[in-house]
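Visitor: Have a peek at structure-v8.txt (compact mmCIF, C-alpha atoms (C1' of nucleotides)).
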# COMPACT_ATOMS: atom_id res chain seq x y z
CA MET A 1 17.07 4.82 14.25
CA ASN A 2 17.97 7.13 11.36
CA ALA A 3 15.88 7.83 8.27
CA THR A 4 17.59 5.21 6.14
CA GLU A 5 17.10 2.49 8.71
CA ARG A 6 13.52 3.64 9.14
CA HIS A 7 12.96 3.41 5.41
CA GLU A 8 14.35 -0.11 5.29
CA LEU A 9 12.31 -1.20 8.25
CA ALA A 10 9.16 0.32 6.76
CA ASP A 11 9.80 -1.59 3.55
CA LEU A 12 10.17 -4.83 5.48
CA LEU A 13 6.98 -4.23 7.43
CA LYS A 14 5.16 -3.31 4.26
CA ALA A 15 6.32 -6.55 2.66
CA LEU A 16 4.91 -8.48 5.61
CA GLY A 17 1.82 -6.31 5.84
CA GLU A 18 -0.11 -7.75 2.94
CA PHE A 19 -2.45 -10.61 3.58
CA ASN A 20 -1.33 -12.99 0.86
CA ARG A 21 2.32 -12.32 1.50
CA LEU A 22 1.86 -12.85 5.21
CA SER A 23 0.04 -16.07 4.38
CA LEU A 24 3.02 -17.22 2.33
CA VAL A 25 5.27 -16.45 5.27
CA CYS A 26 2.99 -18.35 7.65
CA GLU A 27 2.94 -21.30 5.30
CA LEU A 28 6.72 -21.33 5.25
CA CYS A 29 6.71 -21.02 9.03
CA GLY A 30 5.16 -24.45 9.24
CA CYS A 31 7.59 -26.09 6.85
CA ASP A 32 10.98 -27.33 7.87
CA THR A 33 12.07 -27.79 4.28
CA PRO A 34 12.13 -25.26 1.43
CA GLN A 35 8.95 -25.09 -0.65
CA ASN A 36 8.49 -24.36 -4.30
CA ALA A 37 6.31 -21.60 -5.68
CA MET A 38 3.55 -23.97 -6.80
CA CYS A 39 3.02 -25.20 -3.28
CA LEU A 40 3.01 -21.68 -1.96
CA CYS A 41 0.70 -20.45 -4.67
CA ALA A 42 -1.77 -23.17 -3.67
CA CYS A 43 -1.90 -21.98 -0.08
CA CYS A 44 -3.08 -18.54 -1.19
CA ASN A 45 -5.40 -19.57 -3.98
CA VAL A 46 -3.89 -17.09 -6.38
CA ASP A 47 -2.48 -17.27 -9.86
CA SER A 48 1.10 -18.47 -10.05
CA SER A 49 2.12 -15.09 -11.43
CA VAL A 50 0.76 -13.44 -8.32
CA ALA A 51 2.62 -15.80 -6.02
CA SER A 52 5.75 -15.25 -8.06
CA ARG A 53 5.53 -11.52 -7.62
CA HIS A 54 4.82 -11.73 -3.90
CA LEU A 55 7.76 -14.06 -3.43
CA LYS A 56 9.92 -11.62 -5.31
CA VAL A 57 8.95 -8.85 -2.91
CA LEU A 58 9.64 -11.09 0.08
CA ALA A 59 13.00 -12.05 -1.37
CA GLN A 60 13.93 -8.43 -2.02
CA GLU A 61 13.22 -7.60 1.59
CA GLY A 62 15.22 -10.57 2.78
CA VAL A 63 12.23 -12.35 4.25
CA VAL A 64 12.75 -15.44 2.16
CA GLN A 65 15.70 -17.08 0.53
CA MET A 66 15.59 -18.86 -2.81
CA GLU A 67 17.61 -21.68 -4.23
CA ARG A 68 17.17 -23.22 -7.66
CA LYS A 69 16.53 -26.90 -7.89
CA GLY A 70 16.03 -27.98 -11.46
CA ARG A 71 13.12 -26.11 -12.84
CA GLU A 72 11.81 -25.35 -9.40
CA ARG A 73 12.76 -22.59 -7.06
CA MET A 74 12.73 -23.52 -3.44
CA TYR A 75 11.90 -20.86 -0.93
CA SER A 76 12.66 -20.82 2.76
CA LEU A 77 12.34 -18.28 5.52
CA ASN A 78 15.26 -16.27 6.81
CA ARG A 79 13.92 -17.05 10.24
CA ALA A 80 16.59 -15.66 12.52
CA ASP A 81 17.09 -12.53 10.50
CA ILE A 82 13.47 -11.47 10.38
CA ALA A 83 12.75 -12.51 13.93
CA GLN A 84 15.65 -10.39 15.10
CA LYS A 85 14.49 -7.31 13.23
CA LEU A 86 10.98 -7.66 14.62
CA ARG A 87 12.32 -8.08 18.14
CA LEU A 88 14.55 -5.06 17.73
CA LEU A 89 11.54 -2.98 16.82
CA ALA A 90 9.57 -4.46 19.69
CA ASP A 91 12.39 -3.53 22.08
CA GLN A 92 12.54 -0.01 20.75
CA ILE A 93 8.80 0.44 21.03
CA GLU A 94 8.70 -0.93 24.52
CA GLY A 95 11.44 1.52 25.40
CA MET B 96 -2.70 -18.47 13.16
CA ASN B 97 -6.05 -18.46 11.38
CA ALA B 98 -7.13 -16.24 8.51
CA THR B 99 -8.78 -13.65 10.72
CA GLU B 100 -5.76 -13.30 12.96
CA ARG B 101 -3.60 -13.14 9.87
CA HIS B 102 -5.74 -10.35 8.47
CA GLU B 103 -5.50 -8.36 11.67
CA LEU B 104 -1.78 -8.85 11.90
CA ALA B 105 -1.33 -7.85 8.27
CA ASP B 106 -3.30 -4.67 8.94
CA LEU B 107 -1.11 -3.86 11.91
CA LEU B 108 2.07 -4.43 9.93
CA LYS B 109 0.72 -2.38 7.07
CA ALA B 110 -0.03 0.47 9.46
CA LEU B 111 3.56 0.35 10.68
CA GLY B 112 4.95 -0.22 7.19
CA GLU B 113 4.67 3.30 5.90
CA PHE B 114 7.57 5.65 6.32
CA ASN B 115 5.81 8.63 7.80
CA ARG B 116 3.69 6.51 10.09
CA LEU B 117 6.75 4.61 11.29
CA SER B 118 8.43 7.96 11.86
CA LEU B 119 5.51 9.05 14.03
CA VAL B 120 5.85 5.85 16.00
CA CYS B 121 9.58 6.36 16.40
CA GLU B 122 9.00 9.92 17.55
CA LEU B 123 6.58 8.66 20.17
CA CYS B 124 9.11 6.00 21.15
CA GLY B 125 11.44 8.69 22.34
CA CYS B 126 8.79 10.53 24.37
CA ASP B 127 7.79 9.58 27.86
CA THR B 128 4.77 11.84 27.77
CA PRO B 129 1.89 11.98 25.27
CA GLN B 130 2.43 14.28 22.31
CA ASN B 131 -0.04 16.36 20.39
CA ALA B 132 -0.60 16.09 16.67
CA MET B 133 1.17 19.36 15.87
CA CYS B 134 4.38 18.12 17.41
CA LEU B 135 4.08 14.86 15.51
CA CYS B 136 3.24 16.63 12.29
CA ALA B 137 6.43 18.66 12.68
CA CYS B 138 8.60 15.56 12.94
CA CYS B 139 7.42 14.35 9.53
CA ASN B 140 7.30 17.68 7.71
CA VAL B 141 3.82 17.02 6.41
CA ASP B 142 0.57 18.92 6.41
CA SER B 143 -1.44 18.64 9.59
CA SER B 144 -4.19 16.87 7.67
CA VAL B 145 -1.72 14.21 6.64
CA ALA B 146 -0.50 13.68 10.18
CA SER B 147 -4.09 13.57 11.35
CA ARG B 148 -4.94 10.81 8.94
CA HIS B 149 -1.83 8.79 9.73
CA LEU B 150 -2.56 9.06 13.43
CA LYS B 151 -6.07 7.89 12.75
CA VAL B 152 -4.75 4.78 11.04
CA LEU B 153 -2.35 4.12 13.90
CA ALA B 154 -5.16 4.56 16.40
CA GLN B 155 -7.46 2.23 14.49
CA GLU B 156 -4.80 -0.46 14.59
CA GLY B 157 -4.23 0.10 18.28
CA VAL B 158 -0.70 1.36 17.83
CA VAL B 159 -1.39 4.65 19.55
CA GLN B 160 -3.84 5.83 22.11
CA MET B 161 -5.44 9.27 22.17
CA GLU B 162 -6.75 11.42 24.97
CA ARG B 163 -8.28 14.86 24.58
CA LYS B 164 -6.77 17.70 26.53
CA GLY B 165 -8.51 20.95 25.80
CA ARG B 166 -8.22 21.60 22.10
CA GLU B 167 -5.29 19.27 21.78
CA ARG B 168 -5.26 15.55 21.33
CA MET B 169 -2.43 13.81 23.04
CA TYR B 170 -1.10 10.63 21.50
CA SER B 171 0.92 7.94 23.17
CA LEU B 172 2.16 4.51 22.14
CA ASN B 173 0.50 1.33 23.28
CA ARG B 174 3.97 0.06 23.91
CA ALA B 175 3.38 -3.27 25.58
CA ASP B 176 0.59 -4.25 23.26
CA ILE B 177 2.45 -3.65 20.01
CA ALA B 178 5.71 -5.03 21.31
CA GLN B 179 3.95 -8.22 22.33
CA LYS B 180 2.35 -8.69 18.92
CA LEU B 181 5.65 -8.16 17.16
CA ARG B 182 7.37 -10.63 19.46
CA LEU B 183 4.65 -13.16 18.91
CA LEU B 184 5.22 -12.97 15.19
CA ALA B 185 8.97 -13.16 15.72
CA ASP B 186 8.51 -16.30 17.81
CA GLN B 187 6.29 -17.88 15.20
CA ILE B 188 8.72 -17.08 12.41
CA GLU B 189 11.66 -18.38 14.34
CA GLY B 190 9.73 -21.59 14.89
C1' DG C 191 13.43 -32.48 -30.69
C1' DA C 192 8.57 -32.40 -29.03
C1' DC C 193 6.18 -32.07 -24.68
C1' DT C 194 5.33 -31.09 -20.05
C1' DT C 195 6.09 -28.49 -15.85
C1' DA C 196 7.72 -24.39 -13.11
C1' DT C 197 8.23 -19.79 -13.06
C1' DT C 198 8.60 -15.06 -14.80
C1' DT C 199 7.27 -11.04 -17.51
C1' DG C 200 4.26 -7.85 -20.28
C1' DC C 201 0.01 -5.89 -20.34
C1' DA C 202 -4.32 -4.01 -18.73
C1' DC C 203 -7.25 -2.75 -15.14
C1' DA C 204 -9.33 -1.78 -10.72
C1' DA C 205 -8.73 -0.48 -6.14
C1' DA C 206 -6.15 1.50 -2.47
C1' DT C 207 -3.14 4.97 -0.75
C1' DA C 208 -0.68 9.19 0.27
C1' DA C 209 -0.62 13.99 -0.27
C1' DG C 210 -1.97 19.00 -0.06
C1' DC C 211 -5.25 22.59 0.01
C1' DA C 212 -9.31 24.70 1.55
C1' DA C 213 -13.16 24.67 4.40
C1' DC C 214 -15.03 23.25 8.63
C1' DT C 215 -15.51 22.17 13.85
C1' DA C 216 -14.09 22.78 18.46
C1' DT C 217 -11.87 24.96 22.14
C1' DT C 218 -9.19 28.44 24.35
C1' DT C 219 -7.84 33.31 24.95
C1' DC C 220 -8.52 38.06 24.82
C1' DG D 221 -18.23 37.81 20.87
C1' DA D 222 -13.86 38.02 17.88
C1' DA D 223 -9.55 36.10 17.05
C1' DA D 224 -6.36 32.44 17.47
C1' DT D 225 -5.07 27.60 17.80
C1' DA D 226 -5.66 22.44 17.16
C1' DG D 227 -7.44 19.13 14.58
C1' DT D 228 -10.59 16.87 11.11
C1' DT D 229 -12.97 16.23 6.74
C1' DG D 230 -14.08 16.86 1.70
C1' DC D 231 -12.09 17.12 -2.55
C1' DT D 232 -8.79 16.28 -6.13
C1' DT D 233 -4.65 14.39 -8.00
C1' DA D 234 -0.83 11.33 -8.64
C1' DT D 235 1.15 7.09 -7.58
C1' DT D 236 1.38 2.55 -6.06
C1' DT D 237 -0.27 -1.91 -5.64
C1' DG D 238 -2.60 -6.32 -6.27
C1' DT D 239 -4.59 -9.16 -9.68
C1' DG D 240 -5.29 -12.28 -13.76
C1' DC D 241 -4.49 -13.62 -18.33
C1' DA D 242 -1.54 -14.68 -22.01
C1' DA D 243 2.93 -15.16 -23.74
C1' DA D 244 7.78 -16.02 -22.85
C1' DT D 245 11.64 -18.39 -20.59
C1' DA D 246 13.82 -22.34 -18.47
C1' DA D 247 14.60 -26.98 -17.36
C1' DG D 248 13.33 -31.71 -16.97
C1' DT D 249 11.10 -36.03 -19.48
C1' DC D 250 9.92 -38.92 -23.18
Show me the file's structure as structure tokens.
Guide:
Amino acid sequence: MNATERHELADLLKALGEFNRLSLVCELCGCDTPQNAMCLCACCNVDSSVASRHLKVLAQEGVVQMERKGRERMYSLNRADIAQKLRLLADQIEG
Amino acid sequence: MNATERHELADLLKALGEFNRLSLVCELCGCDTPQNAMCLCACCNVDSSVASRHLKVLAQEGVVQMERKGRERMYSLNRADIAQKLRLLADQIEG
DNA sequence: GACTTATTTGCACAAATAAGCAACTATTTC
DNA sequence: GAAATAGTTGCTTATTTGTGCAAATAAGTC
């Protein structure tokens, strides 16, 4: 793994490594349909602006995907993608 | 996954989610014998105090294991343990 | 078009984090 | 015991990060 890949992976892990963001991810884990920010903000008990910013980080790192639906924005997990990256790291660590 | 488990997992991911720390981990990945802090500090090009602190964080999160050997401290990865936790998260995300 | 609802952005602030240097401890070597 | 080597800790500094409030934007509803 070169430095660039390592940087990207670190950014992904950092995005997942914050309690509220991880909570958002876990919430989405349990949903089989995309959720809007209001619903997600409720699960963390934070201001909507906070949820918005966390979701932005997660989106930037490719953890979640967003699609507009009227005035709402529906978020869903990029399940396969993230799972694969985590497993790749696990494989590398296990050697 | 309850809040406590989520907190612990977030802490682990945060520990891994910093470039220099991830670099230390990757360095250890490629070693089949424990490495001392000097060697690890060299791979990141940081002051020994910085490496020391990063290793402390990694040890606290159970990523690495330390054993004293004379004046050196030899670090090695808790490979199976970390890999398992990452895979568990991957499984949960994949649903 | 006024009003409500969903979300983002600007701003301010507090807390956490990473970094390097210098000083310290501990252990080995001479 | 003095010098060298390995590592940690205290201190300071700069930067990042998470948060909430208020205001702005955007889109649906009446």
Visitor: Compute the chain D side of the contact with chain A at 9 Å, counting only C-alpha atoms (C1' of nucleotides), and hand it back as a PDB file with C-alpha atoms (C1' of nucleotides), in the coordinates of the input.
Guide:
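Once everything was written out, this is iface_12.pdb:
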ATOM      1  C1'  DG D 238      -2.600  -6.320  -6.270  1.00  0.00           C
ATOM      2  C1'  DT D 239      -4.590  -9.160  -9.680  1.00  0.00           C
ATOM      3  C1'  DG D 240      -5.290 -12.280 -13.760  1.00  0.00           C
ATOM      4  C1'  DA D 246      13.820 -22.340 -18.470  1.00  0.00           C
ATOM      5  C1'  DA D 247      14.600 -26.980 -17.360  1.00  0.00           C
ATOM      6  C1'  DG D 248      13.330 -31.710 -16.970  1.00  0.00           C
TER       7       DG D 248
END
Visitor: Report, in Å to a single decimal, how far apart CA of Leu123 (chain B) and CA of Gln179 (chain B) are.
Guide: 17.2 Å
Visitor: For chain B, which of C:DC220, C:DA209, C:DA196, C:DC203 is the closest residue, counting all atoms listed in the file?
Guide: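 Once distances to chain B are computed over all atoms listed in the file, the minimum belongs to C:DA209.
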Visitor: What is the CA of Val158 (chain B)-CA of Leu12 (chain A) distance in Å, reported with one decimal?
Guide: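 One can read the CA of Val158 (chain B) to CA of Leu12 (chain A) distance as 17.6 Å.
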Visitor: Which one is closest to Ala105 (chain B): B:Leu117, B:Glu156, B:Cys126, B:Asp176? Count only C-alpha atoms.
Guide: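 Closest candidate: B:Glu156.
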Visitor: Between CA of Ala175 (chain B) and CA of Gly62 (chain A), measure the distance and give it in Å to one decimal.
Guide: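 Computing it gives 26.7 Å between the two atoms.
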Visitor: As a list in words, please: the residues near DT199 (chain C) (cut-off 10 Å, only C-alpha atoms (C1' of nucleotides), same-chain neighbours under 5 positions excluded).
Guide: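 The neighbour list is Ser49 of chain A; DA243, DA244 and DT245 of chain D.
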Visitor: Using C-alpha atoms (C1' of nucleotides), can you write the selected residues to a file as a PDB file, in the frame of the given file?
Guide:
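Saved the output as again27.pdb:
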ATOM      1  CA  SER A  49       2.120 -15.090 -11.430  1.00  0.00           C
TER       2      SER A  49
ATOM      3  C1'  DA D 243       2.930 -15.160 -23.740  1.00  0.00           C
ATOM      4  C1'  DA D 244       7.780 -16.020 -22.850  1.00  0.00           C
ATOM      5  C1'  DT D 245      11.640 -18.390 -20.590  1.00  0.00           C
TER       6       DT D 245
END
Visitor: Compile the contact shell of region 23-27 of chain A as a VMD selection string: residues with an atom at most 12 Å away, counting all atoms listed in the file, same-chain residues fewer than 3 positions apart removed.
Guide: (chain A and resid 15 to 20 30 to 46 50 to 59 62 to 65 75 to 79 82) or (chain B and resid 96 to 105 184 to 190)
Visitor: Residues of chain C were defined as contacting chain B if any atom lay at most 9 Å from it, counting all atoms listed in the file; please report them as a ChimeraX atom specification.
Guide: /C:208-210,216-218
Visitor: Just checking: using all atoms listed in the file, which residue out of B:Ala178, B:Arg116, B:Leu183, B:Met169 ends up closest to chain A?
Guide: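 Among the listed residues, B:Ala178 lies closest to chain A.
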